[in-house]
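Q: work-v6.txt is reproduced below (compact mmCIF, C-alpha atoms).
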```txt
# COMPACT_ATOMS: atom_id res chain seq x y z
CA MET Q 130 -30.10 -7.64 20.72
CA ALA Q 131 -30.64 -9.34 17.37
CA GLN Q 132 -33.37 -11.83 16.65
CA ARG Q 133 -31.90 -15.19 15.72
CA ILE Q 134 -32.90 -16.54 12.34
CA GLU Q 135 -33.54 -20.20 13.11
CA GLY Q 136 -32.87 -22.23 9.98
CA LYS Q 137 -34.08 -25.45 11.56
CA THR Q 138 -37.52 -23.98 12.21
CA VAL Q 139 -37.84 -22.67 8.66
CA SER Q 140 -36.49 -25.89 7.19
CA GLU Q 141 -38.98 -28.04 9.10
CA SER Q 142 -41.85 -25.86 7.93
CA LEU Q 143 -40.74 -26.07 4.30
CA ARG Q 144 -40.14 -29.81 4.46
CA ALA Q 145 -43.67 -30.34 5.74
CA THR Q 146 -44.96 -28.44 2.71
CA ILE Q 147 -42.68 -30.38 0.34
CA ARG Q 148 -43.87 -33.68 1.87
CA THR Q 149 -47.51 -32.69 1.28
CA GLU Q 150 -46.83 -31.50 -2.26
CA THR Q 151 -44.84 -34.64 -3.09
CA GLU Q 152 -47.71 -36.86 -1.99
CA ALA Q 153 -50.19 -34.79 -4.01
CA PHE Q 154 -47.91 -34.95 -7.06
CA ARG Q 155 -47.57 -38.72 -6.74
CA LYS Q 156 -51.35 -39.13 -6.54
CA GLU Q 157 -51.85 -36.83 -9.54
CA THR Q 158 -49.21 -38.36 -11.83
CA GLY Q 159 -48.28 -41.74 -10.39
CA VAL Q 160 -44.67 -40.56 -10.37
CA THR Q 161 -42.38 -40.45 -7.33
CA PRO Q 162 -39.72 -37.71 -7.56
CA GLY Q 163 -36.29 -39.35 -7.69
CA LEU Q 164 -32.82 -38.08 -6.80
CA ALA Q 165 -29.48 -39.71 -7.62
CA VAL Q 166 -26.45 -38.63 -5.61
CA ILE Q 167 -22.93 -39.54 -6.72
CA ILE Q 168 -19.96 -39.42 -4.37
CA VAL Q 169 -16.39 -40.11 -5.49
CA GLY Q 170 -13.89 -41.03 -2.79
CA ASP Q 171 -14.20 -41.24 0.97
CA ASP Q 172 -14.13 -37.64 2.20
CA PRO Q 173 -15.80 -37.85 5.65
CA ALA Q 174 -17.66 -34.53 5.37
CA SER Q 175 -18.98 -35.40 1.93
CA ALA Q 176 -20.11 -38.81 3.17
CA VAL Q 177 -22.12 -37.14 5.96
CA TYR Q 178 -23.76 -34.74 3.49
CA VAL Q 179 -24.71 -37.59 1.18
CA ARG Q 180 -26.24 -39.64 4.02
CA ASN Q 181 -28.25 -36.62 5.12
CA LYS Q 182 -29.54 -36.05 1.60
CA HIS Q 183 -30.57 -39.69 1.24
CA LYS Q 184 -32.35 -39.63 4.61
CA ALA Q 185 -34.13 -36.33 3.81
CA CYS Q 186 -35.53 -37.77 0.58
CA GLY Q 187 -37.08 -40.65 2.47
CA GLU Q 188 -38.62 -38.31 5.02
CA VAL Q 189 -40.55 -36.36 2.36
CA GLY Q 190 -41.56 -39.41 0.32
CA MET Q 191 -39.03 -39.16 -2.50
CA TYR Q 192 -37.04 -41.96 -4.11
CA SER Q 193 -33.27 -41.69 -3.85
CA GLU Q 194 -30.20 -43.68 -4.72
CA VAL Q 195 -26.55 -43.18 -3.84
CA HIS Q 196 -23.71 -44.15 -6.15
CA THR Q 197 -20.40 -44.42 -4.31
CA LEU Q 198 -17.29 -44.56 -6.52
CA PRO Q 199 -13.68 -45.12 -5.43
CA GLN Q 200 -11.19 -42.26 -5.11
CA ASP Q 201 -9.26 -43.36 -8.23
CA THR Q 202 -12.33 -43.40 -10.50
CA ALA Q 203 -11.54 -42.20 -14.02
CA GLU Q 204 -13.41 -39.20 -15.38
CA ASP Q 205 -14.83 -41.27 -18.26
CA THR Q 206 -16.33 -43.73 -15.77
CA LEU Q 207 -18.10 -40.95 -13.90
CA LEU Q 208 -19.33 -39.35 -17.12
CA ALA Q 209 -20.73 -42.70 -18.28
CA LEU Q 210 -22.69 -43.02 -15.01
CA ILE Q 211 -24.07 -39.50 -15.42
CA ASP Q 212 -25.11 -40.33 -18.99
CA ARG Q 213 -26.97 -43.40 -17.76
CA LEU Q 214 -28.75 -41.39 -15.06
CA ASN Q 215 -29.64 -38.71 -17.62
CA GLN Q 216 -31.59 -41.42 -19.48
CA ASP Q 217 -33.17 -42.98 -16.37
CA THR Q 218 -36.83 -41.93 -16.20
CA LYS Q 219 -37.18 -42.65 -12.47
CA ILE Q 220 -34.38 -40.15 -11.74
CA HIS Q 221 -35.42 -36.49 -11.93
CA GLY Q 222 -32.47 -34.92 -10.16
CA ILE Q 223 -28.74 -35.68 -10.34
CA LEU Q 224 -26.25 -34.33 -7.84
CA VAL Q 225 -22.50 -34.97 -7.89
CA GLN Q 226 -21.00 -34.27 -4.47
CA LEU Q 227 -18.13 -31.79 -4.63
CA PRO Q 228 -15.18 -31.60 -4.32
CA LEU Q 229 -14.03 -34.24 -6.78
CA PRO Q 230 -10.62 -35.96 -6.93
CA LYS Q 231 -7.99 -34.04 -8.91
CA GLN Q 232 -8.10 -36.42 -11.92
CA ILE Q 233 -11.74 -35.40 -12.60
CA SER Q 234 -12.75 -32.02 -14.04
CA GLU Q 235 -15.64 -30.46 -12.13
CA GLU Q 236 -16.38 -28.37 -15.22
CA HIS Q 237 -16.76 -31.47 -17.41
CA VAL Q 238 -18.92 -33.21 -14.84
CA ILE Q 239 -21.27 -30.28 -14.33
CA ALA Q 240 -21.64 -29.82 -18.09
CA ALA Q 241 -22.49 -33.51 -18.52
CA ILE Q 242 -25.60 -33.38 -16.33
CA ASP Q 243 -28.85 -32.81 -18.22
CA PRO Q 244 -29.84 -29.22 -17.28
CA ARG Q 245 -33.36 -30.48 -16.60
CA LYS Q 246 -31.93 -32.77 -13.89
CA ASP Q 247 -29.34 -30.32 -12.57
CA VAL Q 248 -30.81 -29.81 -9.09
CA ASP Q 249 -27.66 -28.02 -7.91
CA ALA Q 250 -28.27 -25.39 -10.66
CA PHE Q 251 -24.57 -25.33 -11.57
CA HIS Q 252 -24.91 -26.13 -15.29
CA PRO Q 253 -24.12 -23.14 -17.54
CA VAL Q 254 -27.63 -23.32 -19.01
CA ASN Q 255 -29.19 -22.95 -15.57
CA VAL Q 256 -26.73 -20.24 -14.58
CA GLY Q 257 -27.87 -18.33 -17.66
CA HIS Q 258 -31.52 -18.76 -16.71
CA ILE Q 259 -30.77 -17.37 -13.23
CA MET Q 260 -29.09 -14.32 -14.78
CA LEU Q 261 -32.25 -13.74 -16.81
CA GLY Q 262 -34.58 -14.33 -13.85
CA ASP Q 263 -36.23 -17.14 -15.83
CA TYR Q 264 -35.39 -20.42 -14.11
CA HIS Q 265 -36.55 -23.79 -12.84
CA PHE Q 266 -33.83 -24.30 -10.25
CA LEU Q 267 -31.75 -22.15 -7.94
CA PRO Q 268 -28.48 -23.10 -6.21
CA CYS Q 269 -29.56 -24.53 -2.88
CA THR Q 270 -27.70 -22.29 -0.45
CA PRO Q 271 -28.60 -18.89 -1.98
CA ALA Q 272 -32.18 -20.08 -2.42
CA GLY Q 273 -32.20 -21.06 1.25
CA VAL Q 274 -31.04 -17.58 2.24
CA MET Q 275 -33.92 -16.03 0.30
CA GLU Q 276 -36.39 -18.37 2.04
CA LEU Q 277 -35.05 -17.29 5.42
CA LEU Q 278 -35.54 -13.62 4.54
CA ARG Q 279 -39.06 -14.37 3.31
CA PHE Q 280 -40.01 -16.40 6.39
CA TYR Q 281 -38.92 -13.62 8.74
CA ASN Q 282 -40.64 -10.94 6.63
CA ILE Q 283 -37.37 -9.13 5.96
CA PRO Q 284 -37.87 -6.87 2.94
CA VAL Q 285 -35.18 -6.78 0.24
CA SER Q 286 -36.65 -4.22 -2.15
CA GLY Q 287 -34.79 -0.91 -1.99
CA LYS Q 288 -32.29 -2.16 0.61
CA ASN Q 289 -28.51 -1.91 0.37
CA CYS Q 290 -27.41 -5.53 0.08
CA VAL Q 291 -23.74 -6.47 0.39
CA VAL Q 292 -22.50 -9.95 -0.50
CA VAL Q 293 -19.01 -10.79 0.72
CA GLY Q 294 -17.76 -13.63 -1.48
CA ARG Q 295 -17.99 -14.22 -5.23
CA SER Q 296 -18.08 -18.00 -5.64
CA ASN Q 297 -20.17 -19.56 -8.38
CA ILE Q 298 -21.96 -21.65 -5.76
CA VAL Q 299 -23.01 -18.89 -3.34
CA GLY Q 300 -21.74 -15.34 -3.89
CA LYS Q 301 -22.64 -14.71 -7.53
CA PRO Q 302 -26.09 -16.35 -7.53
CA GLN Q 303 -26.87 -14.76 -4.15
CA ALA Q 304 -26.25 -11.34 -5.65
CA MET Q 305 -28.53 -12.14 -8.59
CA LEU Q 306 -31.38 -13.26 -6.32
CA LEU Q 307 -31.14 -10.15 -4.16
CA LEU Q 308 -31.08 -8.02 -7.30
CA GLU Q 309 -34.15 -9.83 -8.64
CA GLN Q 310 -35.95 -8.82 -5.44
CA ASN Q 311 -35.01 -5.19 -6.15
CA GLY Q 312 -32.15 -4.96 -3.69
CA THR Q 313 -29.27 -2.60 -4.48
CA VAL Q 314 -26.40 -5.06 -4.52
CA THR Q 315 -22.66 -4.72 -3.95
CA ILE Q 316 -20.37 -7.75 -4.35
CA CYS Q 317 -17.16 -7.70 -2.31
CA HIS Q 318 -14.27 -10.14 -2.30
CA SER Q 319 -10.67 -10.73 -1.25
CA ARG Q 320 -9.36 -7.81 -3.33
CA THR Q 321 -11.95 -5.27 -2.25
CA THR Q 322 -10.28 -2.14 -0.92
CA ASP Q 323 -11.57 -0.96 2.46
CA LEU Q 324 -14.11 -3.75 2.86
CA ALA Q 325 -15.59 -2.18 5.99
CA ALA Q 326 -16.62 0.91 4.05
CA HIS Q 327 -18.94 -1.33 2.04
CA THR Q 328 -20.18 -3.61 4.81
CA LEU Q 329 -21.03 -0.63 7.03
CA ARG Q 330 -23.56 0.52 4.40
CA ALA Q 331 -25.32 -2.84 4.28
CA ASP Q 332 -28.94 -3.18 5.35
CA ILE Q 333 -28.58 -6.88 4.47
CA LEU Q 334 -25.13 -8.43 4.73
CA VAL Q 335 -24.51 -11.93 3.36
CA VAL Q 336 -21.10 -13.39 4.14
CA ALA Q 337 -19.66 -16.43 2.33
CA VAL Q 338 -15.86 -16.29 2.31
CA GLY Q 339 -14.81 -19.38 4.26
CA LYS Q 340 -12.76 -17.42 6.82
CA PRO Q 341 -13.67 -17.85 10.50
CA ASN Q 342 -14.92 -14.72 12.28
CA PHE Q 343 -13.94 -12.59 9.28
CA ILE Q 344 -16.68 -9.99 9.78
CA THR Q 345 -16.51 -8.23 13.15
CA GLY Q 346 -18.85 -5.86 14.96
CA ASP Q 347 -17.01 -2.74 13.84
CA MET Q 348 -17.77 -3.69 10.22
CA VAL Q 349 -21.56 -3.85 10.67
CA LYS Q 350 -24.00 -0.97 11.04
CA GLU Q 351 -26.69 -0.81 13.70
CA GLY Q 352 -29.82 -2.69 12.70
CA ALA Q 353 -28.32 -4.67 9.83
CA VAL Q 354 -29.59 -8.11 8.86
CA VAL Q 355 -26.57 -10.44 8.91
CA ILE Q 356 -26.64 -13.79 7.09
CA ASP Q 357 -23.62 -16.00 7.78
CA VAL Q 358 -23.18 -18.70 5.13
CA GLY Q 359 -19.74 -19.76 6.35
CA ILE Q 360 -19.07 -22.95 8.25
CA ASN Q 361 -15.57 -23.50 9.57
CA ARG Q 362 -14.22 -26.09 12.01
CA LYS Q 363 -11.98 -24.72 14.74
CA ALA Q 364 -9.03 -26.50 16.32
CA ASP Q 365 -11.25 -27.71 19.16
CA GLY Q 366 -13.64 -29.30 16.67
CA LYS Q 367 -16.43 -26.77 17.15
CA LEU Q 368 -18.09 -25.04 14.21
CA THR Q 369 -17.99 -21.31 13.63
CA GLY Q 370 -19.12 -19.03 10.85
CA ASP Q 371 -17.52 -16.25 8.82
CA VAL Q 372 -19.11 -13.71 11.18
CA ASP Q 373 -17.84 -13.03 14.70
CA TYR Q 374 -21.21 -13.68 16.31
CA ALA Q 375 -20.30 -12.27 19.73
CA SER Q 376 -19.36 -8.81 18.44
CA VAL Q 377 -21.90 -8.58 15.60
CA GLU Q 378 -25.03 -9.87 17.35
CA PRO Q 379 -25.51 -6.82 19.63
CA LYS Q 380 -25.58 -4.50 16.58
CA ALA Q 381 -27.70 -6.57 14.19
CA SER Q 382 -31.49 -6.66 13.98
CA PHE Q 383 -31.48 -10.25 12.69
CA ILE Q 384 -28.61 -12.75 12.56
CA THR Q 385 -28.11 -16.38 11.59
CA PRO Q 386 -26.23 -18.59 14.04
CA VAL Q 387 -23.64 -21.16 12.98
CA PRO Q 388 -24.56 -23.93 13.17
CA GLY Q 389 -28.34 -23.80 12.85
CA GLY Q 390 -28.82 -20.87 10.50
CA VAL Q 391 -28.32 -21.26 6.76
CA GLY Q 392 -27.04 -24.84 6.98
CA PRO Q 393 -30.38 -26.63 7.54
CA MET Q 394 -31.85 -24.89 4.50
CA THR Q 395 -29.48 -26.30 1.87
CA ILE Q 396 -30.79 -29.87 1.75
CA THR Q 397 -34.37 -28.59 2.05
CA MET Q 398 -33.91 -26.51 -1.10
CA LEU Q 399 -32.42 -29.57 -2.83
CA LEU Q 400 -35.66 -31.42 -2.07
CA LYS Q 401 -37.66 -28.52 -3.47
CA ASN Q 402 -35.55 -28.57 -6.66
CA THR Q 403 -36.05 -32.33 -7.03
CA LEU Q 404 -39.82 -31.96 -6.81
CA THR Q 405 -39.65 -29.16 -9.36
CA ALA Q 406 -37.57 -31.35 -11.70
CA ALA Q 407 -40.20 -34.12 -11.47
CA ARG Q 408 -42.95 -31.62 -12.24
CA VAL Q 409 -41.02 -30.35 -15.26
CA ALA Q 410 -40.46 -33.91 -16.50
CA CYS Q 411 -44.22 -34.57 -16.26
CA GLY Q 412 -45.13 -31.31 -17.96
CA VAL Q 413 -46.98 -29.86 -14.97
CA PHE Q 414 -44.57 -27.03 -14.19
CA SER Q 415 -43.64 -24.12 -16.45
CA GLN Q 416 -40.50 -22.01 -16.42
CA LYS Q 417 -40.54 -19.19 -13.87
```
Just give me the structure of the file as structure tokens.
A:
Amino acid sequence: MAQRIEGKTVSESLRATIRTETEAFRKETGVTPGLAVIIVGDDPASAVYVRNKHKACGEVGMYSEVHTLPQDTAEDTLLALIDRLNQDTKIHGILVQLPLPKQISEEHVIAAIDPRKDVDAFHPVNVGHIMLGDYHFLPCTPAGVMELLRFYNIPVSGKNCVVVGRSNIVGKPQAMLLLEQNGTVTICHSRTTDLAAHTLRADILVVAVGKPNFITGDMVKEGAVVIDVGINRKADGKLTGDVDYASVEPKASFITPVPGGVGPMTITMLLKNTLTAARVACGVFSQK
């Protein structure tokens, strides 16, 4: 039977450290790390995420502000707000909640954020730094996965690592982080032929495809570490991951539940990035 990787436990431990480091930073510099979150429209899920981010900042002693814009906001209006926040010295991190309404280009918005304040690490400059292994920030979900592996003393070096999913937000950066830790990485996706042939070789399997119960027990080898990034809402309102927990759990050595696995880590890593951005702005943090 697999050991459950409890994201809430890891997240609470990290947040305690971030709270202590934030207080020490404020005493050293007189600066309170600040995060600005922008939400466009009234998507219920996005609204919940934004409230949670605002609350989390307060819990670790950070300043935060939320800018709520109507669904019909023009792209130029949003870009003007980002430009103002880029110049605001009390704001060290800027996050625009995705998805955006169809009249606004996500590409334009991401490119408009000052890379030094891009705490989502989506800006092309930061993506390039991640490719080089020379970065300030990491995308929050992949960084959270790496923290989970570290907390549970799961070695990556020399392991066969398979990432199912190739999104810019999770799949691609996840592969780069596993590679940086000397994993041997395979990226699979919707057009991969004979997916099971790849997943069955995985010592560490990370799944982020957005399809409920997509990975089943017959696709996982005995003793694999299985990280389920997916979060899907079923017809009955309950949440489920991309991994069929019931059939995979008996074969895995470690497994993340959904909910309660990777999910709690994402906002925690956002807090870590915001503190890093404040340190960079004050000149007390060098590039990795």
Q: Using only C-alpha atoms - which residues lie no farther than 10 Å from the point (-20.0, -6.4, -1.8) in the file's frame? Write them as a list in words.
A: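 Using only C-alpha atoms, the matching residues come out as Asn289, Cys290, Val291, Val292, Val293, Gly294, Arg295, Gly300, Ala304, Val314, Thr315, Ile316, Cys317, His318, Thr321, Leu324, Ala325, Ala326, His327, Thr328, Arg330, Ala331, Leu334, Val335 and Val336 of chain Q.
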Q: To one decimal in Å, tell me the separation between atom CA of Q:Ala185 and atom CA of Q:Leu214.
A: 20.3 Å
Q: Which one is closest to Q:Val248: Q:Val179, Q:Ala381, Q:Ala174, Q:Ala165? Count all atoms listed in the file.
A: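 Ranking Q:Val179, Q:Ala381, Q:Ala174, Q:Ala165 by distance to Q:Val248, first place goes to Q:Ala165.
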Q: Tell me, as a list in words, which residues lie within 12 Å of Q:Arg362, counting all atoms listed in the file; anything in the same chain fewer than 6 positions away does not count.
A: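 Here the qualifying residues turn out to be Ala174, Gly339, Lys340, Pro341, Asn342, Leu368, Thr369, Gly370, Asp371, Val387 and Pro388 of chain Q.
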Q: Residues at most 12 Å from stretch 254-269 of chain Q, counting all atoms listed in the file, excluding those fewer than 6 positions away in the same chain, as a VMD selection string?
A: chain Q and resid 222 224 239 to 248 275 to 276 296 to 311 358 391 to 410 414 to 417
Q: Between atom CA of Q:Val377 and atom CA of Q:Met130, measure the distance and give it in Å to one decimal.
A: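 It comes out at 9.7 Å.
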Q: Can you tell me which residues surround Q:Ser234 at a distance of at most 12 Å, considering all atoms listed in the file, apart from same-chain residues fewer than 5 positions away, and format the answer as a JSON list (two decimals) with C-alpha atoms, in the frame of the given file?
A:
```
[["chain", "number", "residue", "atom", "x", "y", "z"],
["Q", 202, "THR", "CA", -12.33, -43.40, -10.50],
["Q", 203, "ALA", "CA", -11.54, -42.20, -14.02],
["Q", 204, "GLU", "CA", -13.41, -39.20, -15.38],
["Q", 205, "ASP", "CA", -14.83, -41.27, -18.26],
["Q", 207, "LEU", "CA", -18.10, -40.95, -13.90],
["Q", 208, "LEU", "CA", -19.33, -39.35, -17.12],
["Q", 225, "VAL", "CA", -22.50, -34.97, -7.89],
["Q", 227, "LEU", "CA", -18.13, -31.79, -4.63],
["Q", 228, "PRO", "CA", -15.18, -31.60, -4.32],
["Q", 229, "LEU", "CA", -14.03, -34.24, -6.78],
["Q", 239, "ILE", "CA", -21.27, -30.28, -14.33],
["Q", 240, "ALA", "CA", -21.64, -29.82, -18.09],
["Q", 241, "ALA", "CA", -22.49, -33.51, -18.52]]
```
Q: Between Q:Gly312, Q:Gly346, Q:Gly389, Q:Gly359, which has the minimum distance to Q:Ser376 (counting only C-alpha atoms)?
A: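 Among the listed residues, Q:Gly346 lies closest to Q:Ser376.
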Q: For stretch 326-338 of chain Q, which lacks atoms in the input, supply N, CA, C and O atoms and format the output as a compact mmCIF listing (two decimals), in the frame of the given file.
A:
```txt
# COMPACT_ATOMS: atom_id res chain seq x y z
N ALA Q 326 -15.86 -0.22 4.59
CA ALA Q 326 -16.62 0.91 4.05
C ALA Q 326 -17.87 0.44 3.33
O ALA Q 326 -18.89 1.12 3.32
N HIS Q 327 -17.79 -0.76 2.74
CA HIS Q 327 -18.94 -1.33 2.04
C HIS Q 327 -19.89 -2.03 3.01
O HIS Q 327 -21.10 -1.84 2.96
N THR Q 328 -19.32 -2.85 3.90
CA THR Q 328 -20.18 -3.61 4.81
C THR Q 328 -20.95 -2.70 5.77
O THR Q 328 -22.07 -3.02 6.17
N LEU Q 329 -20.36 -1.56 6.11
CA LEU Q 329 -21.03 -0.63 7.03
C LEU Q 329 -22.26 0.03 6.39
O LEU Q 329 -23.07 0.63 7.10
N ARG Q 330 -22.38 -0.05 5.08
CA ARG Q 330 -23.56 0.52 4.40
C ARG Q 330 -24.68 -0.51 4.24
O ARG Q 330 -25.77 -0.16 3.79
N ALA Q 331 -24.39 -1.75 4.59
CA ALA Q 331 -25.32 -2.84 4.28
C ALA Q 331 -26.53 -2.87 5.21
O ALA Q 331 -26.38 -2.91 6.43
N ASP Q 332 -27.73 -2.86 4.60
CA ASP Q 332 -28.94 -3.18 5.35
C ASP Q 332 -29.06 -4.70 5.50
O ASP Q 332 -29.54 -5.20 6.51
N ILE Q 333 -28.63 -5.41 4.46
CA ILE Q 333 -28.58 -6.88 4.47
C ILE Q 333 -27.17 -7.28 4.08
O ILE Q 333 -26.68 -6.92 3.00
N LEU Q 334 -26.51 -8.01 4.95
CA LEU Q 334 -25.13 -8.43 4.73
C LEU Q 334 -25.08 -9.94 4.68
O LEU Q 334 -25.44 -10.62 5.64
N VAL Q 335 -24.65 -10.48 3.54
CA VAL Q 335 -24.51 -11.93 3.36
C VAL Q 335 -23.02 -12.24 3.23
O VAL Q 335 -22.35 -11.69 2.35
N VAL Q 336 -22.54 -13.12 4.08
CA VAL Q 336 -21.10 -13.39 4.14
C VAL Q 336 -20.83 -14.86 3.80
O VAL Q 336 -21.36 -15.76 4.45
N ALA Q 337 -19.99 -15.08 2.77
CA ALA Q 337 -19.66 -16.43 2.33
C ALA Q 337 -18.23 -16.44 1.80
O ALA Q 337 -18.00 -16.51 0.60
N VAL Q 338 -17.27 -16.36 2.72
CA VAL Q 338 -15.86 -16.29 2.31
C VAL Q 338 -15.03 -17.46 2.82
O VAL Q 338 -13.89 -17.64 2.40
```
